[in-house]
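Notes to accompany the following structure.
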Amino acid sequence: MMMKKLVRMVLPAVLFAQVVTAHDGKPNTYFNPNTDPGNGGLTLPAGFVASRIAENTGRARHIAVTPAGDIYIKLERLVNGKGIYLLRDKNKDGIFEESQGFGDYIGTGIAIKDGYLYASSNTDVYRYKLDAQYHVLHPDQPEKIVTGLLDKRQHASKSIALDNAGNIYVNIGAPSNSCQEVDRTKGSKGMMPCPILDSAGGIWQFKTDKLNQTYANGLRYATGLRNVVGLDWNQAQNQLYVTMHGRDMLYTLYPEMFDSTVSAELPSETMYAIKQGDDAGWPYVYYDHLQKKKILSPEYGGDGKKAGGEKAIDPIMAFPGHMAPNALLFYTGNSFPARYKNGAFIAFHGSWNRSPLPQEGYYVVFVPFENGKPTGQWEVFANGFAGAPVIKNPRDAQQRPCGLAQGPDGSLYVSDDVKGTIYRISYNGK
Amino acid sequence: MRLFIYLLGGLAMATAFKPVKKNIQVPATLKASIERGKTVYVQRCMACHQADGGGVPRMNPPLDRATAVVANDKAKLIRIVIKGMTDRVEIDGEMYDNNMSANPDLTDTQIADVLNYVRNNWSNKAKAVVTAAEVKAVRAKLK
């Protein structure tokens with residue numbers, strides 16, 4: 001306890017000092033990885049190698065890698081007063097010796113598109129003009145393009161993706177588990193219709209080049225999505241794909257219908273291909289990958305078996321419950337073997353809602369695609385982030401995958417939001 | 001701090017060797033209450049606060065080693081269990097994002113039991129027992 005407190009007090013001071021040193025132009029030793037246990041501590045398919053290219057960057061949520069190989073990191077807690085960091089490896093020796101912090105807001109979303117860096121707080125979306133080196137021109141003067149989005153802390157992160165037609169897609173998570181009158185409370189009815197869907201529980205579309213857009217200027221592009229943290233624009237199909245966090249607490253709220261083992265496995269975490277106007281069914285239904293159908297939520301008269309959501313879309317992939325898919329990335333590079341091209345990587349943050357069973361997730365999954373459709377199979381691609389084979393409580397995980405990005409050379413970058421470790425995974429097989 | 005614990009330990013030892021004057025029924029009923037409280041905890045609290053009472057970073061606060069959980073303000077804890085909690089206040093230096101469930105349907109005894117369980121489990125050792133009568137009194141004021 002004492003020790004923990006001491007670390008909590010002293011550590012920020014150390015970080016502070018070293019980040020400042022970096023800005024003095026001296027080598028930034030602080031971000032340098034010095035505890036890489038070999039291969040980044042990860043287990044990977046044959047031919048793949050990994051390394052930790054930075055550590056202790058803060059609570060690193062999503063990341064974006066520039067065509068020059070620099071990395072922008074969006075932080076969920078400010079480090080030295082800054083919420084975005086740019087890491088640079090100027091001499092390309094694998095050590096990111098330079099860092100620049102800017103942006104005085106916390107958040108999750110970050111993306112690069114057509115000469116701009118886009119970043120989100122939990123209420124707003126900003127953009128920064130980039131120079132020819134993909135560096136931010138005016139770090140203190142971003143354009144605020146979207147403002148006033150709902151933030152009630154639960155599911156507050158605003159993930160973003162951009163299409164090729166000047167639009168940005170913003171997830172607005174529902175600040176609720178299943179739209180009950182009293183959230184997460186046994187015996188509390190589901191509200192009908194769910195009023196949350198007017199301002200959350202969906203993906204909103206805004207223009208990239210208009211300032212101060214609010215709900216009134218945006219379009220509710222898709223609804224019935226409880227909390228999407230991973231979203232990506234699929235370039236091959238010119239379509240939005242998302243991964244959703246399914247509902248929690250089937251057992252706690254409905255012990256007469258579900259036991260704790262079923263409740264750990266259900267409902268599915270889901271992946272959707274989204275078209276404008278789609279409804280994925282939350283809160284009225286959830287997906288059950290064991291019965292392979294949409295099930296009426298118990299808050300809305302369901303019993304764990306009755307199907308529902310006739311007008312709602314089906315997921316294109318379903319995963320075991322509560323694993324928390326926090327990032328989605330379609331692989332478009334050429335350096336991985338051909339089967340990875342146009343397939344999807346998903347970073348699973350790892351569950352908390354499976355106890356008394358061990359928690360699950362804490363890894364990066366690959367979903368193979370053929371002819372623009374998932375094959376139906378999925379495989380764990382990179383494992384070992386948590387640093388222990390069995391995680392009973394999420395706080396025991398040393399790292400939790402949260403963000404994904406593809407480097408200019410086709411390598412895959414993974415961020416962790418416990419300590420801010422950044423991993424690079426590349427292929428050197430034949 | 002450590003010295004303080006030693007002192008406390010010494011004190012406890014000292015009292016242990018004194019002839020017991022108080023009603024020894026109390027520890028026995030407390031033990032039974034804690035035992036029953038575990039069942040309530042598993043059904044109603046464990047999903048969020050976890051089997052080890054450690055909570056979930058940034059989402060649900062730990063109950064193990066939490067200042068308020070072992071503190072003397074039992075009425076506050078009773079209110080939290082009945083009404084749930086969405087205060088969004090710092091708890092031992094951290095903020096938590098989840099909404100805590102309300103449990104108005106639990107009986108006075110169940111609430112006393114689950115509080116006795118969380119106050120006396122893991123590394124928690126609370127001084128005072130929570131009684132069903134106290135829960136009843138707090139509940140009456142909530143209405």
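Residue numbering restarts at 1 for every chain of the structure tokens, chains are lettered A, B, ... in their displayed order, and ligands are numbered from 1 as they appear.
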Proximity of chain B to chain A: per-residue shortest pair, 10 Å limit, only C-alpha atoms, as CSV:
```
residue,atom,partner,partner_atom,distance
B:Met1,CA,A:Met2,CA,8.6
B:Arg2,CA,A:Met2,CA,9.4
B:Val42,CA,A:Pro356,CA,8.4
B:Gln43,CA,A:Thr252,CA,5.7
B:Arg44,CA,A:Thr252,CA,5.7
B:Cys45,CA,A:Thr252,CA,8.0
B:Met46,CA,A:Ser355,CA,7.2
B:Ala47,CA,A:Asn353,CA,5.6
B:Cys48,CA,A:Asn353,CA,7.0
B:His49,CA,A:Trp352,CA,9.4
B:Gln50,CA,A:Ser355,CA,6.5
B:Ala51,CA,A:Pro356,CA,6.4
B:Asp52,CA,A:Asn393,CA,7.7
B:Gly53,CA,A:Asn393,CA,9.3
B:Gly54,CA,A:Asn393,CA,7.3
B:Gly55,CA,A:Asn393,CA,7.8
B:Val56,CA,A:Pro394,CA,6.1
B:Pro57,CA,A:Arg395,CA,6.0
B:Arg58,CA,A:Arg395,CA,9.7
B:Met59,CA,A:Gln154,CA,8.3
B:Asn60,CA,A:Trp352,CA,9.8
B:Arg65,CA,A:Met1,CA,8.7
B:Lys83,CA,A:Thr185,CA,9.6
B:Gly84,CA,A:Thr185,CA,8.3
B:Thr86,CA,A:Lys152,CA,9.8
B:Arg88,CA,A:Arg153,CA,8.4
B:Gly93,CA,A:Arg8,CA,10.0
B:Met95,CA,A:Arg153,CA,9.7
B:Tyr96,CA,A:Arg153,CA,8.2
B:Asp97,CA,A:Gln154,CA,5.0
B:Asn98,CA,A:Gln154,CA,5.3
B:Asn99,CA,A:Asp183,CA,6.8
B:Met100,CA,A:Arg184,CA,7.0
B:Ser101,CA,A:Thr185,CA,4.6
B:Ala102,CA,A:Thr185,CA,5.3
B:Asn103,CA,A:Thr185,CA,6.8
B:Pro104,CA,A:Lys186,CA,8.9
B:Asp105,CA,A:Lys186,CA,8.1
B:Leu106,CA,A:Lys186,CA,10.0
```
- Report the residues of stretch 16-193 of chain A whose backbone DSSP state falls under alpha helix (DSSP H), written as a ChimeraX atom specification. /A:16-23
Quick one: residues within 10 Å of A:Ser178, only C-alpha atoms counted, chain neighbours fewer than 3 positions away excluded, as a short mmCIF file (atom, residue, chain, number, x, y, z; two decimals) with all heavy atoms, in the first residue's frame?
```cif
data_model
loop_
_atom_site.label_atom_id
_atom_site.label_comp_id
_atom_site.auth_asym_id
_atom_site.auth_seq_id
_atom_site.Cartn_x
_atom_site.Cartn_y
_atom_site.Cartn_z
N ALA A 174 -23.45 4.28 -25.86
CA ALA A 174 -24.59 4.49 -24.97
C ALA A 174 -24.10 4.49 -23.53
O ALA A 174 -23.40 3.57 -23.12
CB ALA A 174 -25.62 3.40 -25.17
N PRO A 175 -24.47 5.49 -22.73
CA PRO A 175 -24.04 5.52 -21.33
C PRO A 175 -24.91 4.61 -20.48
O PRO A 175 -25.50 5.03 -19.48
CB PRO A 175 -24.21 6.99 -20.94
CG PRO A 175 -25.31 7.47 -21.81
CD PRO A 175 -25.25 6.68 -23.10
N GLU A 181 -34.52 1.56 -16.99
CA GLU A 181 -34.89 2.81 -16.30
C GLU A 181 -33.81 3.19 -15.29
O GLU A 181 -33.41 4.34 -15.20
CB GLU A 181 -36.25 2.64 -15.62
CG GLU A 181 -37.40 2.67 -16.62
CD GLU A 181 -38.71 2.13 -16.08
OE1 GLU A 181 -38.75 1.69 -14.91
OE2 GLU A 181 -39.69 2.15 -16.84
N VAL A 182 -33.34 2.20 -14.52
CA VAL A 182 -32.20 2.41 -13.64
C VAL A 182 -31.09 1.46 -14.11
O VAL A 182 -31.25 0.24 -14.06
CB VAL A 182 -32.54 2.14 -12.15
CG1 VAL A 182 -31.35 2.52 -11.27
CG2 VAL A 182 -33.79 2.89 -11.74
N ASP A 183 -30.01 2.06 -14.60
CA ASP A 183 -28.95 1.29 -15.24
C ASP A 183 -28.44 0.16 -14.35
O ASP A 183 -28.17 0.35 -13.18
CB ASP A 183 -27.80 2.25 -15.58
CG ASP A 183 -26.76 1.61 -16.50
OD1 ASP A 183 -27.11 0.65 -17.22
OD2 ASP A 183 -25.61 2.10 -16.51
N ARG A 184 -28.32 -1.02 -14.92
CA ARG A 184 -27.66 -2.18 -14.30
C ARG A 184 -28.34 -2.63 -13.02
O ARG A 184 -27.69 -3.17 -12.12
CB ARG A 184 -26.18 -1.85 -14.03
CG ARG A 184 -25.41 -1.60 -15.32
CD ARG A 184 -23.98 -1.16 -15.10
NE ARG A 184 -23.35 -0.82 -16.38
CZ ARG A 184 -22.61 -1.66 -17.11
NH1 ARG A 184 -22.40 -2.87 -16.70
NH2 ARG A 184 -22.10 -1.26 -18.26
N LYS A 189 -37.05 -2.06 -15.60
CA LYS A 189 -37.52 -2.35 -16.96
C LYS A 189 -36.68 -1.65 -18.03
O LYS A 189 -36.09 -0.60 -17.78
CB LYS A 189 -38.97 -1.85 -17.11
CG LYS A 189 -39.98 -2.75 -16.42
CD LYS A 189 -41.38 -2.59 -17.05
CE LYS A 189 -41.95 -1.20 -16.96
NZ LYS A 189 -42.63 -0.88 -15.70
N GLY A 190 -36.67 -2.24 -19.21
CA GLY A 190 -36.05 -1.57 -20.35
C GLY A 190 -36.98 -0.47 -20.85
O GLY A 190 -38.19 -0.68 -20.94
N MET A 191 -36.42 0.70 -21.16
CA MET A 191 -37.26 1.81 -21.61
C MET A 191 -37.67 1.57 -23.06
O MET A 191 -36.89 1.12 -23.88
CB MET A 191 -36.49 3.13 -21.50
CG MET A 191 -36.25 3.54 -20.06
SD MET A 191 -35.51 5.18 -19.94
CE MET A 191 -33.77 4.79 -20.00
N CYS A 194 -36.17 3.19 -26.47
CA CYS A 194 -34.99 3.59 -25.71
C CYS A 194 -34.60 5.02 -26.08
O CYS A 194 -34.17 5.27 -27.21
CB CYS A 194 -33.84 2.64 -25.99
SG CYS A 194 -32.29 3.16 -25.22
N ARG A 226 -24.39 -0.52 -29.13
CA ARG A 226 -24.23 -0.16 -27.72
C ARG A 226 -22.98 0.67 -27.46
O ARG A 226 -23.03 1.76 -26.94
CB ARG A 226 -24.20 -1.44 -26.89
CG ARG A 226 -24.00 -1.25 -25.41
CD ARG A 226 -24.09 -2.62 -24.76
NE ARG A 226 -23.82 -2.62 -23.35
CZ ARG A 226 -22.60 -2.74 -22.83
NH1 ARG A 226 -21.55 -2.84 -23.62
NH2 ARG A 226 -22.43 -2.76 -21.52
N GLY A 246 -20.62 -5.94 -26.44
CA GLY A 246 -21.96 -6.40 -26.08
C GLY A 246 -22.28 -6.07 -24.62
O GLY A 246 -21.42 -5.67 -23.84
N ARG A 247 -23.52 -6.28 -24.26
CA ARG A 247 -24.01 -5.95 -22.92
C ARG A 247 -23.37 -6.81 -21.83
O ARG A 247 -22.82 -7.87 -22.10
CB ARG A 247 -25.53 -6.13 -22.88
CG ARG A 247 -25.90 -7.56 -23.26
CD ARG A 247 -27.26 -7.95 -22.77
NE ARG A 247 -27.37 -7.76 -21.33
CZ ARG A 247 -28.52 -7.53 -20.72
NH1 ARG A 247 -29.63 -7.47 -21.41
NH2 ARG A 247 -28.55 -7.37 -19.41
N ASP A 248 -23.49 -6.36 -20.60
CA ASP A 248 -22.95 -7.08 -19.46
C ASP A 248 -24.08 -7.67 -18.61
O ASP A 248 -25.25 -7.36 -18.80
CB ASP A 248 -22.18 -6.11 -18.53
CG ASP A 248 -21.07 -5.38 -19.24
OD1 ASP A 248 -20.37 -6.02 -20.05
OD2 ASP A 248 -20.89 -4.18 -18.98
N MET A 249 -23.66 -8.49 -17.62
CA MET A 249 -24.46 -8.81 -16.43
C MET A 249 -25.76 -9.58 -16.66
O MET A 249 -26.74 -9.33 -15.97
CB MET A 249 -24.77 -7.51 -15.68
CG MET A 249 -23.54 -6.76 -15.23
SD MET A 249 -23.91 -5.15 -14.53
CE MET A 249 -24.68 -5.63 -13.01
N TRP A 282 -29.39 -3.00 -30.54
CA TRP A 282 -29.29 -2.67 -29.11
C TRP A 282 -30.31 -1.60 -28.78
O TRP A 282 -30.52 -0.71 -29.57
CB TRP A 282 -27.86 -2.15 -28.78
CG TRP A 282 -27.72 -1.82 -27.32
CD1 TRP A 282 -27.33 -2.65 -26.33
CD2 TRP A 282 -28.01 -0.56 -26.69
NE1 TRP A 282 -27.36 -2.00 -25.12
CE2 TRP A 282 -27.78 -0.71 -25.31
CE3 TRP A 282 -28.45 0.70 -27.14
CZ2 TRP A 282 -27.97 0.32 -24.39
CZ3 TRP A 282 -28.65 1.72 -26.24
CH2 TRP A 282 -28.40 1.53 -24.87
N PRO A 283 -30.99 -1.61 -27.66
CA PRO A 283 -30.85 -2.54 -26.54
C PRO A 283 -31.85 -3.70 -26.60
O PRO A 283 -31.89 -4.52 -25.68
CB PRO A 283 -31.21 -1.64 -25.34
CG PRO A 283 -32.26 -0.73 -25.91
CD PRO A 283 -31.86 -0.47 -27.34
N TYR A 284 -32.65 -3.73 -27.66
CA TYR A 284 -33.78 -4.68 -27.68
C TYR A 284 -33.33 -6.13 -27.86
O TYR A 284 -34.01 -7.04 -27.41
CB TYR A 284 -34.77 -4.28 -28.78
CG TYR A 284 -35.10 -2.81 -28.74
CD1 TYR A 284 -34.72 -1.95 -29.78
CD2 TYR A 284 -35.75 -2.26 -27.64
CE1 TYR A 284 -35.00 -0.59 -29.73
CE2 TYR A 284 -36.02 -0.90 -27.57
CZ TYR A 284 -35.64 -0.07 -28.62
OH TYR A 284 -35.90 1.27 -28.56
N VAL A 285 -32.21 -6.31 -28.57
CA VAL A 285 -31.69 -7.66 -28.76
C VAL A 285 -30.20 -7.70 -28.50
O VAL A 285 -29.53 -6.68 -28.49
CB VAL A 285 -31.93 -8.19 -30.21
CG1 VAL A 285 -33.41 -8.40 -30.46
CG2 VAL A 285 -31.32 -7.24 -31.24
N TYR A 286 -29.70 -8.92 -28.27
CA TYR A 286 -28.25 -9.14 -28.25
C TYR A 286 -27.97 -10.35 -29.11
O TYR A 286 -28.88 -11.11 -29.45
CB TYR A 286 -27.75 -9.35 -26.81
CG TYR A 286 -28.28 -10.58 -26.11
CD1 TYR A 286 -27.70 -11.83 -26.31
CD2 TYR A 286 -29.37 -10.49 -25.24
CE1 TYR A 286 -28.19 -12.96 -25.67
CE2 TYR A 286 -29.86 -11.62 -24.59
CZ TYR A 286 -29.27 -12.85 -24.82
OH TYR A 286 -29.76 -13.97 -24.19
N SER A 297 -33.68 -9.17 -25.63
CA SER A 297 -33.08 -8.86 -24.33
C SER A 297 -34.09 -9.13 -23.21
O SER A 297 -35.27 -8.82 -23.36
CB SER A 297 -32.67 -7.39 -24.26
OG SER A 297 -31.73 -7.11 -25.26
N PRO A 298 -33.61 -9.67 -22.09
CA PRO A 298 -34.55 -9.94 -20.99
C PRO A 298 -35.25 -8.67 -20.48
O PRO A 298 -36.38 -8.75 -20.00
CB PRO A 298 -33.66 -10.58 -19.91
CG PRO A 298 -32.25 -10.38 -20.34
CD PRO A 298 -32.26 -10.15 -21.81
N GLU A 299 -34.61 -7.51 -20.62
CA GLU A 299 -35.26 -6.24 -20.23
C GLU A 299 -36.47 -5.96 -21.10
O GLU A 299 -37.31 -5.13 -20.77
CB GLU A 299 -34.28 -5.07 -20.37
CG GLU A 299 -33.16 -5.03 -19.34
CD GLU A 299 -31.99 -5.93 -19.70
OE1 GLU A 299 -32.06 -6.63 -20.74
OE2 GLU A 299 -31.00 -5.95 -18.94
N TYR A 300 -36.54 -6.62 -22.27
CA TYR A 300 -37.62 -6.38 -23.23
C TYR A 300 -38.44 -7.65 -23.47
O TYR A 300 -38.94 -7.88 -24.57
CB TYR A 300 -37.05 -5.81 -24.54
CG TYR A 300 -36.48 -4.42 -24.33
CD1 TYR A 300 -35.15 -4.24 -23.99
CD2 TYR A 300 -37.30 -3.29 -24.43
CE1 TYR A 300 -34.64 -2.96 -23.76
CE2 TYR A 300 -36.80 -2.01 -24.21
CZ TYR A 300 -35.47 -1.85 -23.87
OH TYR A 300 -34.98 -0.59 -23.64
#
```
- Just the residues within 10 Å of B:Val70, please, counting only C-alpha atoms, with nothing from its chain fewer than 2 positions along; format it as a VMD selection string. chain B and resid 63 to 68 72 to 74 77 115 to 116 118 to 120 124 to 128
Could you save the residues just selected, with N, CA and C atoms, as a tab-separated table (two decimals), in the first residue's frame?
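Result file part.tsv:
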```tsv
chain	number	residue	atom	x	y	z
B	63	LEU	N	-13.10	-2.72	-3.51
B	63	LEU	CA	-13.69	-2.64	-2.18
B	63	LEU	C	-12.64	-3.06	-1.15
B	64	ASP	N	-11.73	-3.94	-1.61
B	64	ASP	CA	-10.62	-4.33	-0.75
B	64	ASP	C	-9.72	-3.11	-0.53
B	65	ARG	N	-9.37	-2.84	0.68
B	65	ARG	CA	-8.49	-1.73	1.05
B	65	ARG	C	-9.07	-0.35	0.75
B	66	ALA	N	-10.38	-0.28	0.52
B	66	ALA	CA	-10.97	1.03	0.24
B	66	ALA	C	-11.28	1.74	1.56
B	67	THR	N	-10.90	3.00	1.63
B	67	THR	CA	-11.06	3.75	2.88
B	67	THR	C	-12.51	3.77	3.35
B	68	ALA	N	-13.42	4.09	2.42
B	68	ALA	CA	-14.83	4.26	2.82
B	68	ALA	C	-15.47	2.94	3.24
B	72	ASN	N	-16.30	4.18	9.47
B	72	ASN	CA	-17.42	4.05	10.40
B	72	ASN	C	-18.77	4.53	9.86
B	73	ASP	N	-18.74	5.21	8.71
B	73	ASP	CA	-19.99	5.75	8.17
B	73	ASP	C	-20.78	4.62	7.50
B	74	LYS	N	-21.43	3.83	8.34
B	74	LYS	CA	-22.17	2.68	7.81
B	74	LYS	C	-23.39	3.13	7.01
B	77	LEU	N	-22.65	3.59	3.38
B	77	LEU	CA	-22.51	2.34	2.64
B	77	LEU	C	-23.89	1.73	2.37
B	115	LEU	N	-22.67	-6.15	3.42
B	115	LEU	CA	-21.75	-5.13	3.92
B	115	LEU	C	-20.79	-5.73	4.95
B	116	ASN	N	-21.30	-6.59	5.79
B	116	ASN	CA	-20.40	-7.26	6.74
B	116	ASN	C	-19.37	-8.10	5.99
B	118	VAL	N	-18.15	-7.53	2.82
B	118	VAL	CA	-17.10	-6.72	2.16
B	118	VAL	C	-16.24	-5.98	3.19
B	119	ARG	N	-16.81	-5.71	4.36
B	119	ARG	CA	-16.04	-4.99	5.38
B	119	ARG	C	-15.09	-5.91	6.16
B	120	ASN	N	-15.29	-7.22	6.02
B	120	ASN	CA	-14.46	-8.14	6.80
B	120	ASN	C	-13.86	-9.25	5.96
B	124	ASN	N	-9.77	-6.46	4.49
B	124	ASN	CA	-10.59	-5.52	5.25
B	124	ASN	C	-10.92	-6.04	6.65
B	125	LYS	N	-10.83	-5.17	7.63
B	125	LYS	CA	-11.24	-5.49	9.00
B	125	LYS	C	-11.96	-4.27	9.55
B	126	ALA	N	-13.27	-4.31	9.54
B	126	ALA	CA	-14.02	-3.17	10.06
B	126	ALA	C	-14.25	-3.36	11.55
B	127	LYS	N	-14.34	-2.23	12.24
B	127	LYS	CA	-14.51	-2.34	13.70
B	127	LYS	C	-15.95	-2.71	14.06
B	128	ALA	N	-16.91	-2.09	13.34
B	128	ALA	CA	-18.31	-2.23	13.77
B	128	ALA	C	-19.10	-3.13	12.83
```
- Message: Report as number ranges by chain all protein, DNA and RNA residues lying within 8 Å of A:Gly361, evaluated on only C-alpha atoms, omitting residues in the same chain fewer than 3 positions from it.
- Response: A: 323-324, 348-351
- Message: Can you tell me which residues surround A:Ala273 at a distance of at most 12 Å, considering only C-alpha atoms, apart from same-chain residues fewer than 2 positions away, and format the answer as number ranges by chain?
- Response: A: 222, 231-234, 237-244, 270-271, 275-280, 313-317, 328, 344, 372-374
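Taking only C-alpha atoms into account, A:Ile145 lies nearest to A:Asn167 out of the set A:Gln377, A:Gln291, A:Asn167, A:Thr66.
Between atom CA of A:Tyr423 and atom CA of A:Gly333 the separation is 17.1 Å.
These are the residues of stretch 264-312 of chain A assigned strand (DSSP E) by DSSP from backbone coordinates: A:Glu269, A:Thr270, A:Met271, A:Tyr272, A:Ala273, A:Ile274, A:Asp278, A:Asp279, A:Val285, A:Tyr286, A:Tyr287, A:Asp288, A:Lys293, A:Lys294, A:Ile295, A:Leu296.
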Kindly save the residues from that selection, with N, CA, C and O atoms included, as a PDB file, in the first residue's frame.
```pdb
ATOM      1  N   GLU A 269     -19.439 -10.664 -28.468  1.00  0.00           N
ATOM      2  CA  GLU A 269     -18.865  -9.420 -28.971  1.00  0.00           C
ATOM      3  C   GLU A 269     -19.005  -9.515 -30.475  1.00  0.00           C
ATOM      4  O   GLU A 269     -18.789 -10.584 -31.057  1.00  0.00           O
ATOM      5  N   THR A 270     -19.376  -8.431 -31.146  1.00  0.00           N
ATOM      6  CA  THR A 270     -19.792  -8.550 -32.542  1.00  0.00           C
ATOM      7  C   THR A 270     -19.063  -7.596 -33.467  1.00  0.00           C
ATOM      8  O   THR A 270     -18.608  -6.526 -33.057  1.00  0.00           O
ATOM      9  N   MET A 271     -18.988  -8.022 -34.741  1.00  0.00           N
ATOM     10  CA  MET A 271     -18.405  -7.194 -35.787  1.00  0.00           C
ATOM     11  C   MET A 271     -19.460  -7.023 -36.876  1.00  0.00           C
ATOM     12  O   MET A 271     -20.113  -7.998 -37.266  1.00  0.00           O
ATOM     13  N   TYR A 272     -19.651  -5.776 -37.318  1.00  0.00           N
ATOM     14  CA  TYR A 272     -20.668  -5.483 -38.321  1.00  0.00           C
ATOM     15  C   TYR A 272     -20.076  -4.769 -39.524  1.00  0.00           C
ATOM     16  O   TYR A 272     -19.177  -3.937 -39.377  1.00  0.00           O
ATOM     17  N   ALA A 273     -20.606  -5.080 -40.699  1.00  0.00           N
ATOM     18  CA  ALA A 273     -20.381  -4.259 -41.893  1.00  0.00           C
ATOM     19  C   ALA A 273     -21.561  -3.293 -41.929  1.00  0.00           C
ATOM     20  O   ALA A 273     -22.712  -3.725 -41.901  1.00  0.00           O
ATOM     21  N   ILE A 274     -21.281  -2.003 -41.947  1.00  0.00           N
ATOM     22  CA  ILE A 274     -22.334  -1.005 -41.753  1.00  0.00           C
ATOM     23  C   ILE A 274     -22.672  -0.277 -43.054  1.00  0.00           C
ATOM     24  O   ILE A 274     -21.781   0.172 -43.771  1.00  0.00           O
ATOM     25  N   ASP A 278     -28.409   1.531 -41.044  1.00  0.00           N
ATOM     26  CA  ASP A 278     -28.465   0.231 -40.364  1.00  0.00           C
ATOM     27  C   ASP A 278     -28.797   0.368 -38.883  1.00  0.00           C
ATOM     28  O   ASP A 278     -28.444   1.355 -38.235  1.00  0.00           O
ATOM     29  N   ASP A 279     -29.465  -0.664 -38.366  1.00  0.00           N
ATOM     30  CA  ASP A 279     -29.779  -0.761 -36.943  1.00  0.00           C
ATOM     31  C   ASP A 279     -29.286  -2.126 -36.462  1.00  0.00           C
ATOM     32  O   ASP A 279     -29.704  -3.155 -36.991  1.00  0.00           O
ATOM     33  N   VAL A 285     -32.212  -6.309 -28.573  1.00  0.00           N
ATOM     34  CA  VAL A 285     -31.693  -7.664 -28.760  1.00  0.00           C
ATOM     35  C   VAL A 285     -30.195  -7.703 -28.496  1.00  0.00           C
ATOM     36  O   VAL A 285     -29.532  -6.677 -28.487  1.00  0.00           O
ATOM     37  N   TYR A 286     -29.699  -8.921 -28.268  1.00  0.00           N
ATOM     38  CA  TYR A 286     -28.251  -9.142 -28.248  1.00  0.00           C
ATOM     39  C   TYR A 286     -27.967 -10.352 -29.111  1.00  0.00           C
ATOM     40  O   TYR A 286     -28.881 -11.111 -29.452  1.00  0.00           O
ATOM     41  N   TYR A 287     -26.714 -10.530 -29.501  1.00  0.00           N
ATOM     42  CA  TYR A 287     -26.383 -11.676 -30.348  1.00  0.00           C
ATOM     43  C   TYR A 287     -25.834 -12.825 -29.506  1.00  0.00           C
ATOM     44  O   TYR A 287     -25.093 -12.620 -28.551  1.00  0.00           O
ATOM     45  N   ASP A 288     -26.241 -14.034 -29.873  1.00  0.00           N
ATOM     46  CA  ASP A 288     -25.807 -15.260 -29.199  1.00  0.00           C
ATOM     47  C   ASP A 288     -25.114 -16.144 -30.232  1.00  0.00           C
ATOM     48  O   ASP A 288     -25.768 -16.697 -31.119  1.00  0.00           O
ATOM     49  N   LYS A 293     -28.124 -16.558 -33.295  1.00  0.00           N
ATOM     50  CA  LYS A 293     -29.204 -15.650 -33.650  1.00  0.00           C
ATOM     51  C   LYS A 293     -29.317 -14.487 -32.671  1.00  0.00           C
ATOM     52  O   LYS A 293     -28.718 -14.517 -31.591  1.00  0.00           O
ATOM     53  N   LYS A 294     -30.095 -13.515 -33.087  1.00  0.00           N
ATOM     54  CA  LYS A 294     -30.348 -12.365 -32.233  1.00  0.00           C
ATOM     55  C   LYS A 294     -31.431 -12.753 -31.226  1.00  0.00           C
ATOM     56  O   LYS A 294     -32.486 -13.263 -31.604  1.00  0.00           O
ATOM     57  N   ILE A 295     -31.131 -12.516 -29.969  1.00  0.00           N
ATOM     58  CA  ILE A 295     -32.036 -12.916 -28.890  1.00  0.00           C
ATOM     59  C   ILE A 295     -32.635 -11.665 -28.249  1.00  0.00           C
ATOM     60  O   ILE A 295     -31.929 -10.677 -28.019  1.00  0.00           O
ATOM     61  N   LEU A 296     -33.938 -11.754 -27.982  1.00  0.00           N
ATOM     62  CA  LEU A 296     -34.637 -10.659 -27.316  1.00  0.00           C
ATOM     63  C   LEU A 296     -34.015 -10.421 -25.932  1.00  0.00           C
ATOM     64  O   LEU A 296     -33.837 -11.358 -25.166  1.00  0.00           O
TER      65      LEU A 296
END
```
- Mind checking which residues fall within 10 Å of A:Leu219, counting only C-alpha atoms, ignoring those fewer than 5 positions away in the same chain, and posting them as a PyMOL selection string? chain A and resi 169+203-207+214+276-277
- Distance in Å - atom CA of A:Ser159 versus atom CA of A:Ile53: 23.8 Å
